[in-house]
Every structure is written in structure tokens, then in C-alpha cells.
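Novice: Pasting run.csv here (CSV, C-alpha atoms):
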chain,number,residue,atom,x,y,z
A,1,LEU,CA,0.0,0.0,0.0
A,2,SER,CA,2.8,2.5,0.8
A,3,GLU,CA,4.5,1.6,-2.4
A,4,ASP,CA,1.5,2.8,-4.4
A,5,ILE,CA,1.5,6.1,-2.4
A,6,PHE,CA,5.2,6.6,-3.0
A,7,ALA,CA,4.7,5.9,-6.7
A,8,GLY,CA,2.0,8.6,-6.8
A,9,MET,CA,4.2,11.1,-4.9
A,10,ASP,CA,7.1,10.5,-7.3
A,11,PHE,CA,4.8,10.8,-10.3
A,12,THR,CA,3.4,14.1,-8.9
A,13,LEU,CA,7.0,15.4,-8.4
A,14,ARG,CA,8.2,14.3,-11.8
A,15,GLY,CA,5.0,14.3,-13.7
A,16,GLU,CA,5.5,17.5,-15.8
A,17,GLY,CA,1.9,18.2,-16.3
A,18,ARG,CA,0.8,14.6,-16.9
A,19,HIS,CA,-2.2,13.2,-15.1
A,20,ILE,CA,-3.0,9.8,-13.5
A,21,GLN,CA,-6.1,8.1,-14.7
A,22,HIS,CA,-7.9,6.2,-11.9
A,23,SER,CA,-10.2,3.3,-12.8
A,24,GLU,CA,-12.4,1.4,-10.3
A,25,TYR,CA,-13.1,-2.3,-10.8
A,26,PHE,CA,-15.3,-4.5,-8.7
A,27,HIS,CA,-13.7,-7.8,-7.8
A,28,VAL,CA,-15.9,-10.5,-6.3
A,29,SER,CA,-14.0,-13.1,-4.3
A,30,LYS,CA,-14.2,-15.1,-1.1
A,31,GLY,CA,-15.1,-13.4,2.2
A,32,ARG,CA,-12.4,-12.2,4.5
A,33,ASP,CA,-12.1,-12.4,8.3
A,34,LEU,CA,-13.4,-9.0,9.6
A,35,GLY,CA,-12.7,-9.6,13.3
A,36,PHE,CA,-11.6,-6.8,15.5
A,37,ASN,CA,-7.9,-7.9,15.6
A,38,THR,CA,-7.8,-8.3,11.8
A,39,VAL,CA,-9.1,-4.8,11.2
A,40,LEU,CA,-6.9,-3.4,13.9
A,41,LEU,CA,-3.9,-4.9,12.4
A,42,PHE,CA,-4.8,-3.5,9.0
A,43,PHE,CA,-5.3,0.0,10.4
A,44,SER,CA,-2.0,-0.2,12.4
A,45,LYS,CA,-0.2,-1.1,9.1
A,46,LEU,CA,-1.8,1.9,7.4
A,47,SER,CA,-0.9,4.3,10.2
A,48,ALA,CA,2.7,3.0,10.4
A,49,GLY,CA,3.1,3.5,6.7
A,50,THR,CA,1.7,7.0,6.9
A,51,GLY,CA,4.2,7.8,9.7
A,52,GLU,CA,7.1,6.6,7.6
A,53,GLN,CA,5.8,8.6,4.6
A,54,LEU,CA,5.8,11.8,6.6
A,55,LEU,CA,9.5,11.4,7.3
A,56,THR,CA,10.5,11.2,3.7
A,57,ARG,CA,12.0,13.8,1.4
A,58,GLN,CA,9.2,13.3,-1.1
A,59,MET,CA,6.7,14.6,1.4
A,60,ALA,CA,8.8,17.7,2.1
A,61,ARG,CA,9.2,18.4,-1.6
A,62,LEU,CA,5.5,18.0,-2.1
A,63,GLY,CA,4.9,20.5,0.7
A,64,GLU,CA,7.0,23.0,-1.1
A,65,ARG,CA,5.6,22.5,-4.6
A,66,LEU,CA,1.9,22.0,-4.1
A,67,SER,CA,-0.6,24.9,-3.9
A,68,LEU,CA,-2.4,25.5,-0.7
A,69,PRO,CA,-5.6,23.6,-1.5
A,70,GLN,CA,-3.7,20.6,-2.8
A,71,PHE,CA,-1.3,20.6,0.2
A,72,LEU,CA,-4.2,20.8,2.7
A,73,THR,CA,-5.9,17.9,0.8
A,74,LEU,CA,-2.7,15.9,1.0
A,75,TYR,CA,-2.3,16.8,4.7
A,76,TYR,CA,-5.8,15.8,5.7
A,77,ALA,CA,-5.7,12.6,3.7
A,78,HIS,CA,-2.4,11.4,5.2
A,79,GLY,CA,-0.8,12.5,8.4
A,80,GLY,CA,-3.4,15.1,9.4
A,81,PHE,CA,-6.1,12.5,9.7
A,82,TYR,CA,-4.1,10.6,12.4
A,83,LEU,CA,-3.1,13.9,14.1
A,84,THR,CA,-6.8,14.9,14.2
A,85,GLN,CA,-7.8,11.6,15.7
A,86,PHE,CA,-5.1,11.8,18.3
A,87,LEU,CA,-6.1,15.3,19.4
A,88,LEU,CA,-9.8,14.3,19.5
A,89,SER,CA,-8.9,11.3,21.7
A,90,LEU,CA,-7.1,13.8,24.1
A,91,CYS,CA,-10.0,16.3,24.1
A,92,VAL,CA,-12.7,13.9,25.3
A,93,PRO,CA,-11.0,13.1,28.6
A,94,ALA,CA,-10.0,16.8,29.0
A,95,LEU,CA,-13.6,17.9,28.6
A,96,VAL,CA,-14.8,15.3,31.1
A,97,PHE,CA,-12.1,16.5,33.5
A,98,ILE,CA,-13.2,20.2,33.1
A,99,TRP,CA,-16.8,19.3,33.7
A,100,LEU,CA,-15.9,17.4,36.8
A,101,VAL,CA,-13.9,20.3,38.1
A,102,VAL,CA,-16.8,22.7,37.5
A,103,LEU,CA,-19.3,20.4,39.2
A,104,LEU,CA,-17.1,19.8,42.2
A,105,ASP,CA,-16.3,23.5,42.6
A,106,ALA,CA,-19.9,24.3,43.4
A,107,ALA,CA,-20.1,27.2,41.0
A,108,GLU,CA,-23.6,28.0,42.0
A,109,ALA,CA,-22.4,29.4,45.4
A,110,ASP,CA,-19.9,31.8,43.7
A,111,PHE,CA,-22.3,32.9,40.9
A,112,PRO,CA,-24.8,35.5,42.0
A,113,ALA,CA,-27.2,34.9,39.2
A,114,MET,CA,-27.9,31.5,40.6
A,115,ASP,CA,-29.2,32.9,43.9
A,116,PRO,CA,-33.0,32.9,44.1
A,117,ARG,CA,-32.9,36.3,45.7
A,118,PHE,CA,-31.1,37.7,42.6
A,119,ALA,CA,-34.2,37.1,40.5
A,120,GLN,CA,-36.4,38.9,43.0
A,121,THR,CA,-34.1,41.9,43.1
A,122,LYS,CA,-33.9,42.0,39.3
A,123,GLN,CA,-37.7,42.0,39.1
A,124,SER,CA,-38.0,44.7,41.7
A,125,GLY,CA,-35.4,46.7,39.9
A,126,ALA,CA,-37.3,46.4,36.6
A,127,SER,CA,-40.5,47.6,38.4
A,128,VAL,CA,-38.7,50.6,39.8
A,129,MET,CA,-37.4,51.4,36.3
A,130,ALA,CA,-40.9,51.1,34.9
A,131,GLN,CA,-42.2,53.7,37.4
Show me, as C-alpha cells, the structure contained in the file I just sent.
Specialist:
Amino acid sequence: LSEDIFAGMDFTLRGEGRHIQHSEYFHVSKGRDLGFNTVLLFFSKLSAGTGEQLLTRQMARLGERLSLPQFLTLYYAHGGFYLTQFLLSLCVPALVFIWLVVLLDAAEADFPAMDPRFAQTKQSGASVMAQ
């Protein structure tokens, strides 16, 4: 799989205006094992290949030569996808931690708008303003 991506990067760098034609074919064959471990192994192979691609000179050259929309597409389709997934996996526990801190801090005691007497004084202030 990584060899195909390296071939595409080399073609883009040396293509001189040529284009790659992509054709889709349906291939019907035997079923494959789609257990959790099999899928996990496949995705770990993909992510390891992407990590190796990010360290190459071809990726640095593509970053220098591609326009901004093409570069952002390349980034999001390769290493940016895994970086985004990593940051999302960090944000969920951080958000839960922040919620926990807010709940344990008893913010209602420190926030005057949560006091029932505040609503009454606000209403009386509005009636005074109306008069």
C-alpha cells in the first residue's frame, strides 16, 4: 500500500503536467475475516506506513511545490487524519475533567445569578425602572 502512495508522490513530483487516470473495478471473491484484531492490524499497518511517509524527502518536496488547497488535501488525507484523531482522543477526557472540576467546585455558590434572591431583586429593579 505504501509503495503505491510513494509511486503517486514520485509521479506528482516528476509528472511535468501529466495526469494519473484512476479506474475502479469490482472484484468478487471469497469473504475475509473481519474480526476486530484483523481490522486493527490493517489500520495499524496503514498508520505506520503514513508515519514513515511523513519522514521522507518526497513529502517535504510535495509540501514545497503544491498549492495550498492541494497541500491541505494531502495533509488531511495522510498525516493530518491521524493527528486529528489523536487530538480528539485527548480532548474527550480533558472535557470530562473540566466538567468534573466545574461540578465539584460548586459554581452555584460563587455565581450571584444562581441565587434565588437575585431574580427577585432583578424583578423589583425592573418595576422601579418602569415607574
Novice: To one decimal in Å, tell me the separation between atom CA of A:Gln85 and atom CA of A:Ser47.
Specialist: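 Atom-to-atom, atom CA of A:Gln85 and atom CA of A:Ser47 are spaced 11.5 Å apart.
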Novice: Write out as a VMD selection string each polymer residue whose atoms come within 12 Å of A:Glu52, counting only C-alpha atoms; drop sequence neighbours fewer than 3 positions from it.
Specialist: chain A and resid 2 to 3 5 to 6 45 to 49 55 to 59 78 to 79
Novice: List the spatial neighbours of A:Leu66 as a count of residues only - criterion: any atom at most 10 Å away, all atoms listed in the file, same-chain residues fewer than 6 positions off excluded.
Specialist: 4
Novice: Tell me, in Å to one decimal, how far atom CA of A:Phe26 is from atom CA of A:Gly80.
Specialist: 29.2 Å
Novice: Could you work out how far atom CA of A:Gly51 lies from atom CA of A:Leu83, giving the answer in Å with one decimal?
Specialist: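 Between atom CA of A:Leu83 and atom CA of A:Gly51 the gap works out to 10.5 Å.
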